[in-house]
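model-v8.txt follows; it contains compact mmCIF, C-alpha atoms (C1' of nucleotides).
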# COMPACT_ATOMS: atom_id res chain seq x y z
CA MET S 1 -42.18 -2.82 -21.43
CA SER S 2 -42.81 -0.66 -24.42
CA ASN S 3 -39.84 -1.73 -26.48
CA GLN S 4 -39.50 -5.44 -27.26
CA THR S 5 -36.70 -4.96 -29.74
CA ILE S 6 -34.14 -4.42 -27.04
CA PRO S 7 -32.02 -7.56 -26.63
CA LEU S 8 -31.72 -9.59 -23.50
CA ASP S 9 -28.74 -8.95 -21.37
CA ALA S 10 -26.65 -6.15 -22.61
CA GLU S 11 -29.40 -3.59 -22.81
CA ALA S 12 -31.45 -4.92 -19.92
CA LYS S 13 -29.59 -2.56 -17.66
CA ALA S 14 -31.29 0.41 -19.27
CA ILE S 15 -34.75 -1.08 -18.80
CA GLU S 16 -34.49 -1.90 -15.12
CA LYS S 17 -34.09 0.63 -12.38
CA PRO S 18 -31.73 3.15 -13.83
CA GLU S 19 -29.99 3.72 -10.50
CA ASP S 20 -29.05 0.23 -9.42
CA HIS S 21 -25.38 -0.59 -9.82
CA ARG S 22 -24.94 -2.99 -6.97
CA ASP S 23 -23.79 -5.78 -9.28
CA GLU S 24 -20.91 -3.72 -10.59
CA LEU S 25 -19.99 -2.88 -7.01
CA ARG S 26 -19.98 -6.55 -6.10
CA LEU S 27 -17.83 -7.29 -9.11
CA TRP S 28 -15.31 -4.66 -8.05
CA LEU S 29 -15.21 -5.93 -4.48
CA ARG S 30 -14.66 -9.47 -5.67
CA LEU S 31 -11.86 -8.40 -7.99
CA LEU S 32 -10.27 -6.46 -5.15
CA THR S 33 -10.62 -9.37 -2.74
CA CYS S 34 -8.94 -11.76 -5.18
CA SER S 35 -6.13 -9.37 -5.78
CA THR S 36 -5.60 -8.58 -2.10
CA LEU S 37 -5.73 -12.24 -1.15
CA ILE S 38 -3.14 -13.33 -3.69
CA GLU S 39 -0.92 -10.31 -3.22
CA GLY S 40 -0.86 -10.87 0.52
CA GLU S 41 0.20 -14.47 0.08
CA VAL S 42 2.90 -13.56 -2.40
CA ARG S 43 4.28 -10.92 -0.03
CA ARG S 44 4.29 -13.41 2.81
CA ARG S 45 6.12 -16.06 0.82
CA LEU S 46 8.66 -13.63 -0.60
CA ARG S 47 9.43 -12.46 2.90
CA ASP S 48 9.56 -15.94 4.44
CA ARG S 49 11.52 -17.61 1.66
CA PHE S 50 13.77 -14.80 0.42
CA ASP S 51 13.50 -11.96 2.91
CA VAL S 52 12.49 -9.60 0.13
CA THR S 53 9.49 -7.29 -0.23
CA LEU S 54 7.07 -7.31 -3.15
CA PRO S 55 8.01 -3.80 -4.35
CA ARG S 56 11.66 -4.84 -4.53
CA PHE S 57 10.77 -8.02 -6.34
CA ASP S 58 8.62 -6.08 -8.81
CA LEU S 59 11.36 -3.59 -9.48
CA MET S 60 13.85 -6.36 -10.17
CA ALA S 61 11.30 -8.08 -12.41
CA GLN S 62 11.07 -4.96 -14.55
CA LEU S 63 14.84 -4.69 -14.77
CA ASP S 64 15.22 -8.36 -15.62
CA LYS S 65 13.10 -7.76 -18.73
CA ALA S 66 15.16 -4.75 -19.77
CA SER S 67 18.72 -5.97 -19.94
CA ASP S 68 20.06 -2.56 -20.88
CA GLY S 69 18.52 -0.96 -17.83
CA MET S 70 15.79 1.64 -17.49
CA THR S 71 15.39 5.13 -16.16
CA LEU S 72 13.52 5.84 -12.95
CA SER S 73 10.70 7.43 -14.94
CA ASP S 74 10.28 4.34 -17.09
CA LEU S 75 10.22 2.21 -13.98
CA SER S 76 7.69 4.48 -12.36
CA LYS S 77 5.34 4.23 -15.34
CA ARG S 78 5.68 0.48 -15.66
CA MET S 79 5.22 -0.18 -11.99
CA MET S 80 2.42 2.36 -11.68
CA VAL S 81 3.95 4.02 -8.63
CA SER S 82 5.10 7.57 -7.99
CA ASN S 83 8.53 8.88 -8.84
CA GLY S 84 9.28 9.77 -5.27
CA ASN S 85 8.59 6.20 -4.30
CA LEU S 86 11.11 4.92 -6.84
CA THR S 87 13.84 7.12 -5.42
CA ASN S 88 13.67 5.31 -2.08
CA LEU S 89 13.17 1.87 -3.50
CA VAL S 90 16.17 2.24 -5.82
CA GLU S 91 18.21 3.64 -2.96
CA ARG S 92 17.62 0.52 -0.88
CA LEU S 93 18.25 -1.91 -3.72
CA VAL S 94 21.51 -0.18 -4.57
CA ALA S 95 22.50 -0.36 -0.91
CA SER S 96 21.81 -4.11 -0.84
CA GLY S 97 23.83 -4.66 -4.03
CA HIS S 98 20.97 -5.93 -6.15
CA ILE S 99 20.99 -3.10 -8.65
CA LYS S 100 23.35 -0.41 -9.84
CA ARG S 101 22.78 2.98 -11.34
CA ARG S 102 24.73 5.31 -13.54
CA VAL S 103 23.94 8.68 -14.99
CA SER S 104 22.62 8.41 -18.52
CA ASP S 105 25.13 9.43 -21.20
CA ALA S 106 22.43 11.04 -23.31
CA ASP S 107 20.65 12.93 -20.56
CA ARG S 108 22.43 13.97 -17.43
CA ARG S 109 19.15 14.40 -15.55
CA ALA S 110 18.31 10.74 -15.97
CA GLN S 111 19.74 7.62 -14.37
CA MET S 112 19.98 4.22 -15.96
CA VAL S 113 19.23 1.53 -13.41
CA SER S 114 20.08 -2.12 -13.97
CA LEU S 115 20.50 -5.42 -12.14
CA THR S 116 23.93 -6.40 -10.90
CA PRO S 117 25.01 -9.94 -11.81
CA ALA S 118 24.31 -10.99 -8.23
CA GLY S 119 20.95 -9.22 -8.35
CA ARG S 120 19.99 -10.97 -11.56
CA ARG S 121 21.01 -14.35 -10.19
CA GLU S 122 19.00 -13.84 -7.02
CA PHE S 123 16.01 -12.55 -8.93
CA ARG S 124 15.90 -15.51 -11.29
CA ALA S 125 15.93 -17.93 -8.38
CA MET S 126 13.07 -16.07 -6.72
CA ALA S 127 11.13 -15.73 -9.97
CA ALA S 128 11.21 -19.46 -10.62
CA GLU S 129 9.60 -20.22 -7.28
CA HIS S 130 7.23 -17.31 -7.58
CA GLU S 131 5.96 -18.66 -10.87
CA MET S 132 5.12 -21.96 -9.24
CA TRP S 133 3.27 -20.29 -6.38
CA ILE S 134 1.10 -18.47 -8.88
CA ALA S 135 0.45 -21.63 -10.87
CA GLU S 136 -0.63 -23.34 -7.68
CA ILE S 137 -2.85 -20.45 -6.69
CA PHE S 138 -4.74 -20.59 -9.99
CA GLY S 139 -4.49 -24.34 -10.13
CA ASP S 140 -8.20 -25.08 -9.78
CA LEU S 141 -9.08 -23.18 -12.94
CA THR S 142 -9.19 -25.13 -16.18
CA GLN S 143 -7.23 -23.92 -19.18
CA LYS S 144 -10.43 -22.58 -20.67
CA GLU S 145 -11.39 -20.76 -17.50
CA GLN S 146 -7.97 -19.17 -17.35
CA LYS S 147 -8.27 -18.08 -20.94
CA ASP S 148 -11.73 -16.64 -20.39
CA LEU S 149 -10.67 -14.84 -17.25
CA MET S 150 -7.69 -13.41 -19.11
CA ARG S 151 -9.94 -12.11 -21.87
CA LEU S 152 -12.52 -10.62 -19.52
CA LEU S 153 -9.85 -8.90 -17.47
CA ALA S 154 -8.38 -7.46 -20.62
CA LYS S 155 -11.76 -6.03 -21.46
CA ALA S 156 -12.21 -4.73 -17.92
CA LYS S 157 -8.82 -3.08 -18.12
CA LEU S 158 -9.75 -1.28 -21.33
CA SER S 159 -13.10 -0.28 -19.91
CA ALA S 160 -11.43 1.14 -16.80
CA ARG S 161 -8.88 3.02 -18.86
CA ARG S 162 -11.66 4.50 -20.96
CA ALA S 163 -13.50 5.61 -17.84
CA ILE S 164 -10.34 7.03 -16.30
CA MET S 165 -8.82 8.76 -19.28
CA GLY S 166 -12.25 9.53 -20.69
CA GLY S 167 -12.34 13.21 -21.64
CA GLN S 168 -9.19 14.40 -20.00
CA ASP S 169 -6.25 13.56 -22.22
CA ASP S 170 -4.93 16.94 -23.33
CA THR S 171 -2.65 15.44 -25.96
CA ILE S 172 -5.45 14.02 -28.10
CA ARG S 173 -8.19 16.48 -28.89
CA MET M 1 16.46 -13.36 -29.37
CA SER M 2 15.46 -16.47 -31.27
CA ASN M 3 12.49 -18.49 -30.16
CA GLN M 4 10.40 -19.06 -33.22
CA THR M 5 9.52 -22.60 -32.12
CA ILE M 6 7.23 -21.47 -29.30
CA PRO M 7 3.57 -21.88 -30.22
CA LEU M 8 1.10 -19.16 -29.45
CA ASP M 9 -2.03 -20.45 -27.95
CA ALA M 10 -3.40 -21.50 -24.60
CA GLU M 11 -3.23 -25.17 -25.51
CA ALA M 12 0.43 -24.95 -26.26
CA LYS M 13 1.22 -25.26 -22.59
CA ALA M 14 0.30 -28.90 -22.39
CA ILE M 15 2.41 -29.75 -25.39
CA GLU M 16 5.64 -28.03 -24.47
CA LYS M 17 7.66 -28.09 -21.26
CA PRO M 18 5.61 -29.37 -18.34
CA GLU M 19 7.15 -26.70 -16.12
CA ASP M 20 5.99 -23.65 -17.98
CA HIS M 21 3.53 -21.54 -16.01
CA ARG M 22 3.94 -18.27 -17.82
CA ASP M 23 0.24 -18.10 -18.65
CA GLU M 24 -0.74 -18.21 -15.01
CA LEU M 25 1.84 -15.53 -14.33
CA ARG M 26 0.33 -13.35 -17.04
CA LEU M 27 -3.10 -13.94 -15.62
CA TRP M 28 -1.95 -12.83 -12.20
CA LEU M 29 -0.25 -9.74 -13.58
CA ARG M 30 -3.35 -8.79 -15.50
CA LEU M 31 -5.56 -9.26 -12.46
CA LEU M 32 -3.17 -7.13 -10.43
CA THR M 33 -3.02 -4.45 -13.10
CA CYS M 34 -6.81 -4.20 -13.25
CA SER M 35 -7.08 -3.99 -9.54
CA THR M 36 -4.31 -1.42 -9.18
CA LEU M 37 -5.70 0.71 -11.97
CA ILE M 38 -9.21 0.85 -10.56
CA GLU M 39 -8.09 1.19 -6.97
CA GLY M 40 -5.86 4.12 -7.89
CA GLU M 41 -8.70 5.89 -9.62
CA VAL M 42 -11.06 5.31 -6.72
CA ARG M 43 -8.49 6.70 -4.29
CA ARG M 44 -7.98 9.74 -6.46
CA ARG M 45 -11.69 10.49 -6.74
CA LEU M 46 -12.35 9.92 -3.04
CA ARG M 47 -9.58 12.37 -2.25
CA ASP M 48 -10.59 14.98 -4.83
CA ARG M 49 -14.33 14.82 -4.19
CA PHE M 50 -14.52 14.08 -0.48
CA ASP M 51 -11.05 14.49 0.96
CA VAL M 52 -11.17 10.96 2.33
CA THR M 53 -8.78 8.03 1.93
CA LEU M 54 -9.75 4.59 0.69
CA PRO M 55 -8.93 2.84 4.00
CA ARG M 56 -11.24 5.24 5.84
CA PHE M 57 -13.97 4.76 3.26
CA ASP M 58 -13.60 0.99 3.52
CA LEU M 59 -13.80 1.06 7.27
CA MET M 60 -16.96 3.16 7.16
CA ALA M 61 -18.43 0.82 4.54
CA GLN M 62 -17.99 -2.11 6.92
CA LEU M 63 -19.64 -0.21 9.75
CA ASP M 64 -22.51 0.92 7.57
CA LYS M 65 -23.38 -2.73 6.98
CA ALA M 66 -23.24 -3.54 10.69
CA SER M 67 -25.61 -1.11 12.35
CA ASP M 68 -24.85 -2.43 15.83
CA GLY M 69 -21.15 -1.82 15.41
CA MET M 70 -18.21 -4.20 15.28
CA THR M 71 -15.09 -4.94 17.26
CA LEU M 72 -11.65 -4.03 15.97
CA SER M 73 -10.91 -7.71 15.43
CA ASP M 74 -14.00 -8.19 13.30
CA LEU M 75 -13.06 -5.15 11.25
CA SER M 76 -9.52 -6.38 10.86
CA LYS M 77 -10.72 -9.74 9.52
CA ARG M 78 -13.26 -8.23 7.15
CA MET M 79 -10.89 -5.62 5.82
CA MET M 80 -7.98 -8.06 5.60
CA VAL M 81 -5.59 -5.70 7.35
CA SER M 82 -3.60 -6.05 10.56
CA ASN M 83 -4.91 -5.24 14.00
CA GLY M 84 -2.25 -2.64 14.59
CA ASN M 85 -3.35 -0.86 11.47
CA LEU M 86 -6.93 -0.70 12.69
CA THR M 87 -5.89 0.93 15.94
CA ASN M 88 -4.54 3.94 14.03
CA LEU M 89 -7.31 4.08 11.47
CA VAL M 90 -9.99 4.00 14.15
CA GLU M 91 -8.10 6.62 16.13
CA ARG M 92 -8.21 9.03 13.21
CA LEU M 93 -11.85 8.40 12.37
CA VAL M 94 -12.84 8.95 15.98
CA ALA M 95 -10.87 12.19 15.97
CA SER M 96 -12.69 13.38 12.85
CA GLY M 97 -16.06 12.52 14.37
CA HIS M 98 -17.05 9.89 11.81
CA ILE M 99 -17.13 6.97 14.20
CA LYS M 100 -17.42 6.37 17.93
CA ARG M 101 -16.23 3.56 20.14
CA ARG M 102 -17.24 2.15 23.47
CA VAL M 103 -15.93 -0.73 25.52
CA SER M 104 -17.96 -3.86 24.95
CA ASP M 105 -20.28 -4.77 27.79
CA ALA M 106 -19.68 -8.46 27.37
CA ASP M 107 -15.91 -8.35 27.03
CA ARG M 108 -13.92 -5.54 28.55
CA ARG M 109 -10.94 -6.23 26.28
CA ALA M 110 -12.98 -5.44 23.17
CA GLN M 111 -14.31 -2.21 21.75
CA MET M 112 -17.49 -1.79 19.77
CA VAL M 113 -16.95 0.70 16.97
CA SER M 114 -19.84 2.28 15.06
CA LEU M 115 -20.66 5.18 12.77
CA THR M 116 -21.88 8.43 14.28
CA PRO M 117 -25.03 9.88 12.67
CA ALA M 118 -22.84 12.43 10.88
CA GLY M 119 -20.45 9.69 9.81
CA ARG M 120 -23.27 7.59 8.42
CA ARG M 121 -24.74 10.56 6.54
CA GLU M 122 -21.37 11.42 5.01
CA PHE M 123 -20.65 7.83 4.13
CA ARG M 124 -23.95 7.32 2.34
CA ALA M 125 -23.36 10.39 0.21
CA MET M 126 -19.90 9.16 -0.74
CA ALA M 127 -21.10 5.61 -1.34
CA ALA M 128 -23.77 6.74 -3.80
CA GLU M 129 -21.20 8.49 -5.98
CA HIS M 130 -18.68 5.71 -5.54
CA GLU M 131 -21.20 3.21 -6.87
CA MET M 132 -21.61 5.26 -10.01
CA TRP M 133 -17.87 5.51 -10.57
CA ILE M 134 -17.60 1.75 -10.42
CA ALA M 135 -20.54 1.28 -12.79
CA GLU M 136 -18.84 3.63 -15.23
CA ILE M 137 -15.51 1.86 -14.89
CA PHE M 138 -17.06 -1.51 -15.80
CA GLY M 139 -19.44 0.10 -18.25
CA ASP M 140 -18.00 -1.49 -21.40
CA LEU M 141 -18.70 -5.03 -20.18
CA THR M 142 -22.02 -6.56 -21.11
CA GLN M 143 -24.23 -8.05 -18.42
CA LYS M 144 -23.13 -11.48 -19.49
CA GLU M 145 -19.47 -10.55 -19.38
CA GLN M 146 -19.91 -9.13 -15.90
CA LYS M 147 -21.66 -12.29 -14.78
CA ASP M 148 -18.93 -14.49 -16.26
CA LEU M 149 -16.20 -12.42 -14.73
CA MET M 150 -17.94 -12.60 -11.38
CA ARG M 151 -18.13 -16.37 -11.59
CA LEU M 152 -14.53 -16.83 -12.69
CA LEU M 153 -13.26 -14.55 -9.95
CA ALA M 154 -15.27 -16.53 -7.42
CA LYS M 155 -13.55 -19.65 -8.63
CA ALA M 156 -10.16 -17.96 -8.57
CA LYS M 157 -10.80 -16.82 -5.02
CA LEU M 158 -11.60 -20.34 -3.91
CA SER M 159 -8.58 -21.70 -5.74
CA ALA M 160 -6.34 -19.13 -4.07
CA ARG M 161 -7.77 -19.88 -0.65
CA ARG M 162 -7.20 -23.57 -1.21
CA ALA M 163 -3.58 -22.89 -2.20
CA ILE M 164 -3.05 -20.58 0.75
CA MET M 165 -4.78 -22.53 3.49
CA GLY M 166 -3.87 -25.82 1.89
CA GLY M 167 -2.26 -28.03 4.51
CA GLN M 168 -1.81 -25.57 7.32
CA ASP M 169 -5.11 -25.18 9.07
CA ASP M 170 -4.58 -26.73 12.47
CA THR M 171 -8.25 -26.65 13.37
CA ILE M 172 -9.35 -29.01 10.63
CA ARG M 173 -7.37 -32.19 10.37
C1' DC W 1 21.49 31.49 -28.39
C1' DA W 2 18.61 32.96 -24.58
C1' DG W 3 14.65 32.46 -21.92
C1' DG W 4 10.58 29.73 -21.02
C1' DA W 5 8.58 25.26 -21.04
C1' DT W 6 9.29 20.59 -20.21
C1' DT W 7 11.21 16.55 -18.12
C1' DA W 8 13.87 13.74 -14.50
C1' DT W 9 14.60 13.30 -10.05
C1' DT W 10 14.61 14.36 -5.08
C1' DT W 11 12.67 16.16 -0.94
C1' DT W 12 9.02 16.76 2.35
C1' DA W 13 5.17 15.78 5.17
C1' DA W 14 1.78 12.80 6.12
C1' DG W 15 -0.72 8.55 6.07
C1' DC W 16 -0.94 3.45 5.44
C1' DC W 17 0.75 -1.07 6.50
C1' DT W 18 3.02 -4.99 8.58
C1' DA W 19 5.23 -8.35 11.96
C1' DA W 20 6.48 -9.00 16.38
C1' DA W 21 6.47 -7.93 21.12
C1' DA W 22 3.93 -6.14 25.01
C1' DT W 23 -0.46 -5.52 27.82
C1' DA W 24 -4.56 -6.75 29.53
C1' DA W 25 -8.87 -9.34 30.04
C1' DT W 26 -11.21 -13.66 29.41
C1' DT W 27 -11.70 -18.57 29.03
C1' DT W 28 -10.58 -23.17 30.17
C1' DG W 29 -8.83 -27.43 32.16
C1' DG W 30 -7.56 -29.47 36.32
C1' DC Z 1 -10.54 -21.67 42.26
C1' DC Z 2 -6.44 -20.80 39.66
C1' DA Z 3 -2.81 -21.08 36.46
C1' DA Z 4 -2.19 -21.63 31.57
C1' DA Z 5 -3.82 -20.72 27.18
C1' DT Z 6 -6.33 -17.76 24.36
C1' DT Z 7 -8.06 -13.49 22.63
C1' DA Z 8 -8.32 -8.20 21.95
C1' DT Z 9 -5.83 -4.47 21.47
C1' DT Z 10 -1.77 -1.38 21.51
C1' DT Z 11 2.98 -0.35 20.84
C1' DT Z 12 7.20 -0.38 18.24
C1' DA Z 13 10.23 -0.19 14.48
C1' DG Z 14 10.58 -0.06 9.91
C1' DG Z 15 9.17 -0.04 5.07
C1' DC Z 16 5.90 1.60 1.36
C1' DT Z 17 3.21 5.18 -0.74
C1' DT Z 18 1.51 9.48 -2.24
C1' DA Z 19 0.96 14.55 -3.66
C1' DA Z 20 3.09 18.62 -3.93
C1' DA Z 21 7.00 21.53 -3.91
C1' DA Z 22 11.85 22.06 -4.99
C1' DT Z 23 16.07 21.24 -7.99
C1' DA Z 24 18.33 20.58 -11.95
C1' DA Z 25 19.16 19.56 -16.81
C1' DT Z 26 17.37 19.54 -21.42
C1' DC Z 27 14.45 21.01 -25.14
C1' DC Z 28 12.35 24.35 -27.91
C1' DT Z 29 11.06 28.61 -30.05
C1' DG Z 30 11.77 32.82 -31.69

Represent the supplied structure as structure tokens.
Amino acid sequence: MSNQTIPLDAEAKAIEKPEDHRDELRLWLRLLTCSTLIEGEVRRRLRDRFDVTLPRFDLMAQLDKASDGMTLSDLSKRMMVSNGNLTNLVERLVASGHIKRRVSDADRRAQMVSLTPAGRREFRAMAAEHEMWIAEIFGDLTQKEQKDLMRLLAKAKLSARRAIMGGQDDTIR
Amino acid sequence: MSNQTIPLDAEAKAIEKPEDHRDELRLWLRLLTCSTLIEGEVRRRLRDRFDVTLPRFDLMAQLDKASDGMTLSDLSKRMMVSNGNLTNLVERLVASGHIKRRVSDADRRAQMVSLTPAGRREFRAMAAEHEMWIAEIFGDLTQKEQKDLMRLLAKAKLSARRAIMGGQDDTIR
DNA sequence: CAGGATTATTTTAAGCCTAAAATAATTTGG
DNA sequence: CCAAATTATTTTAGGCTTAAAATAATCCTG
């Protein structure tokens, strides 16, 4: 190699075959596998224990954090799902009495959605168990491993955002 | 809200309430966010560039690895989706000419599914670009960070499997 | 203050996904 | 051999999800 000043790992990529990105692919597949595996188990337990779906649980989780309620658009951004999706989800949760909605005073286009007392009570009971499932699922990782994983995922998240938003944010330019 | 007594770091957990698993919950949410973010972008690009969905791409990826073809059941296990789902997915990919199926010689209940030459050609073209997207998405992580993340996710996967399969595998006991 | 742009939500059409029940072929234990 | 258990797939009913188009209210600019 003509250039010995290049450091070991980080820049090694550039020295090797320029076209080989199989490691990144494996990393992505492993991340996806983990996520799918855990998500599937959580869905299964939510259904078996509480007869509730993950999307409904997620929606209630968002509302539990915002005691004053949120608009559908806020929910859609937080949950990273489409607006049209929210319409249906909210519809069903209103029908089951878990949440309520009222037209926003400030903006008559928007709706404020919030948990009903019964909805909040139910959610908290589910959330407590849910938290223990997750703790059990990650139970074989030491505190340090959890911390490291947290940090690396944070970095991966930023890297992904950079790659996604890259040159196409009209607002900043 | 007043909770100025709560310490900030990872180690705090062991000191305070034994029942607090909020860190694990945060870890799970971050993992899920990463996965959702990247998966969404991959779906978007597959659609925009190749007019293909992620499930179809995934199915073709499995078949590309198995040149002799696979049964629906094998596919269903590998892809971690239900059998009923596969029936439809395979139906559509046969209709579009990407894959073909024939009844297994050995077992007349089973079908061997495999890529057509055209399907394989198309898949390889998509896969090459896909690999570059992923490399770009993880581009801000150093080689070492990627390696560490890989290792920690492997451990998380095992931990999750242990928690999921835990005491309910009838075959081993 | 009016018209155009923006924002919030809903509708539509299509695909993905699951669990559970039904079908059909194979394997296995007696 | 043959019935019971198992295995492979399909069907069914219902929920989730999206992109794109449609509606409706608000904001903004001249």

At what distance in Å, to one decimal, does atom CA of S:Thr33 lie from atom CA of M:Arg101?
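Spanning atom CA of M:Arg101 to atom CA of S:Thr33 is a straight-line distance of 26.9 Å.
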
Tell me, counting all atoms listed in the file, for each residue of chain S within 12 Å of chain Z, which pair of atoms is nearest and how far apart they are in Å to one decimal, in rows ordered by chain and increasing number, as JSON lines.
{"residue": "S:Val52", "atom": "CA", "partner": "Z:DG15", "partner_atom": "C1'", "distance": 11.3}
{"residue": "S:Thr53", "atom": "CA", "partner": "Z:DG15", "partner_atom": "C1'", "distance": 9.0}
{"residue": "S:Leu54", "atom": "CA", "partner": "Z:DC16", "partner_atom": "C1'", "distance": 10.1}
{"residue": "S:Pro55", "atom": "CA", "partner": "Z:DC16", "partner_atom": "C1'", "distance": 8.1}
{"residue": "S:Arg56", "atom": "CA", "partner": "Z:DC16", "partner_atom": "C1'", "distance": 10.5}
{"residue": "S:Met80", "atom": "CA", "partner": "Z:DT17", "partner_atom": "C1'", "distance": 11.3}
{"residue": "S:Val81", "atom": "CA", "partner": "Z:DT17", "partner_atom": "C1'", "distance": 8.0}
{"residue": "S:Ser82", "atom": "CA", "partner": "Z:DT18", "partner_atom": "C1'", "distance": 7.0}
{"residue": "S:Asn83", "atom": "CA", "partner": "Z:DT18", "partner_atom": "C1'", "distance": 9.7}
{"residue": "S:Gly84", "atom": "CA", "partner": "Z:DT18", "partner_atom": "C1'", "distance": 8.3}
{"residue": "S:Asn85", "atom": "CA", "partner": "Z:DT17", "partner_atom": "C1'", "distance": 6.5}
{"residue": "S:Leu86", "atom": "CA", "partner": "Z:DT17", "partner_atom": "C1'", "distance": 10.0}
{"residue": "S:Thr87", "atom": "CA", "partner": "Z:DT17", "partner_atom": "C1'", "distance": 11.8}
{"residue": "S:Asn88", "atom": "CA", "partner": "Z:DC16", "partner_atom": "C1'", "distance": 9.3}
{"residue": "S:Leu89", "atom": "CA", "partner": "Z:DC16", "partner_atom": "C1'", "distance": 8.7}
{"residue": "S:Arg92", "atom": "CA", "partner": "Z:DG15", "partner_atom": "C1'", "distance": 10.3}
{"residue": "S:Ser104", "atom": "CA", "partner": "Z:DA25", "partner_atom": "C1'", "distance": 11.8}
{"residue": "S:Ala106", "atom": "CA", "partner": "Z:DT26", "partner_atom": "C1'", "distance": 10.1}
{"residue": "S:Asp107", "atom": "CA", "partner": "Z:DT26", "partner_atom": "C1'", "distance": 7.4}
{"residue": "S:Arg108", "atom": "CA", "partner": "Z:DA25", "partner_atom": "C1'", "distance": 6.5}
{"residue": "S:Arg109", "atom": "CA", "partner": "Z:DA25", "partner_atom": "C1'", "distance": 5.3}
{"residue": "S:Ala110", "atom": "CA", "partner": "Z:DA25", "partner_atom": "C1'", "distance": 8.9}

Counting all atoms listed in the file, which residues of chain W sit at most 8 Å from some atom of chain S, and what is each one's closest atom pair with its distance in Å to one decimal, listed by chain and rising residue number, as a tab-separated table?
residue	atom	partner	partner_atom	distance
W:DA8	C1'	S:Arg109	CA	5.4
W:DT9	C1'	S:Arg109	CA	7.2
W:DT10	C1'	S:Gly84	CA	7.0

With a cut-off of 6 Å, could you pull out the residues of chain S touching chain M and give me the nearest pair of atoms for each, distance in Å to one decimal, using all atoms listed in the file, ordered by chain and ascending number, as a Markdown table?
| residue | atom | partner | partner_atom | distance |
| --- | --- | --- | --- | --- |
| S:Asp9 | CA | M:Gln143 | CA | 5.5 |
| S:Ala10 | CA | M:Thr142 | CA | 4.9 |
| S:His21 | CA | M:Ala135 | CA | 6.0 |
| S:Glu24 | CA | M:Ala135 | CA | 5.5 |
| S:Leu27 | CA | M:Met150 | CA | 5.8 |
| S:Leu32 | CA | M:Ser35 | CA | 6.0 |
| S:Cys34 | CA | M:Lys157 | CA | 5.4 |
| S:Ser35 | CA | M:Leu32 | CA | 5.9 |
| S:Ala135 | CA | M:Glu24 | CA | 5.5 |
| S:Ile137 | CA | M:Ala160 | CA | 4.6 |
| S:Phe138 | CA | M:Ser159 | CA | 5.8 |
| S:Asp140 | CA | M:Ser159 | CA | 5.3 |
| S:Met150 | CA | M:Leu27 | CA | 5.8 |
| S:Lys157 | CA | M:Cys34 | CA | 5.4 |
| S:Ser159 | CA | M:Asp140 | CA | 5.3 |
| S:Ala160 | CA | M:Ile137 | CA | 4.6 |
| S:Ala163 | CA | M:Ile137 | CA | 5.2 |

d(atom CA of S:Asp74, atom C1' of W:DT6) in Å
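Those two atoms sit 16.6 Å apart.
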
Separation of atom CA of M:Glu91 from atom CA of M:Leu115 in Å:
13.1 Å
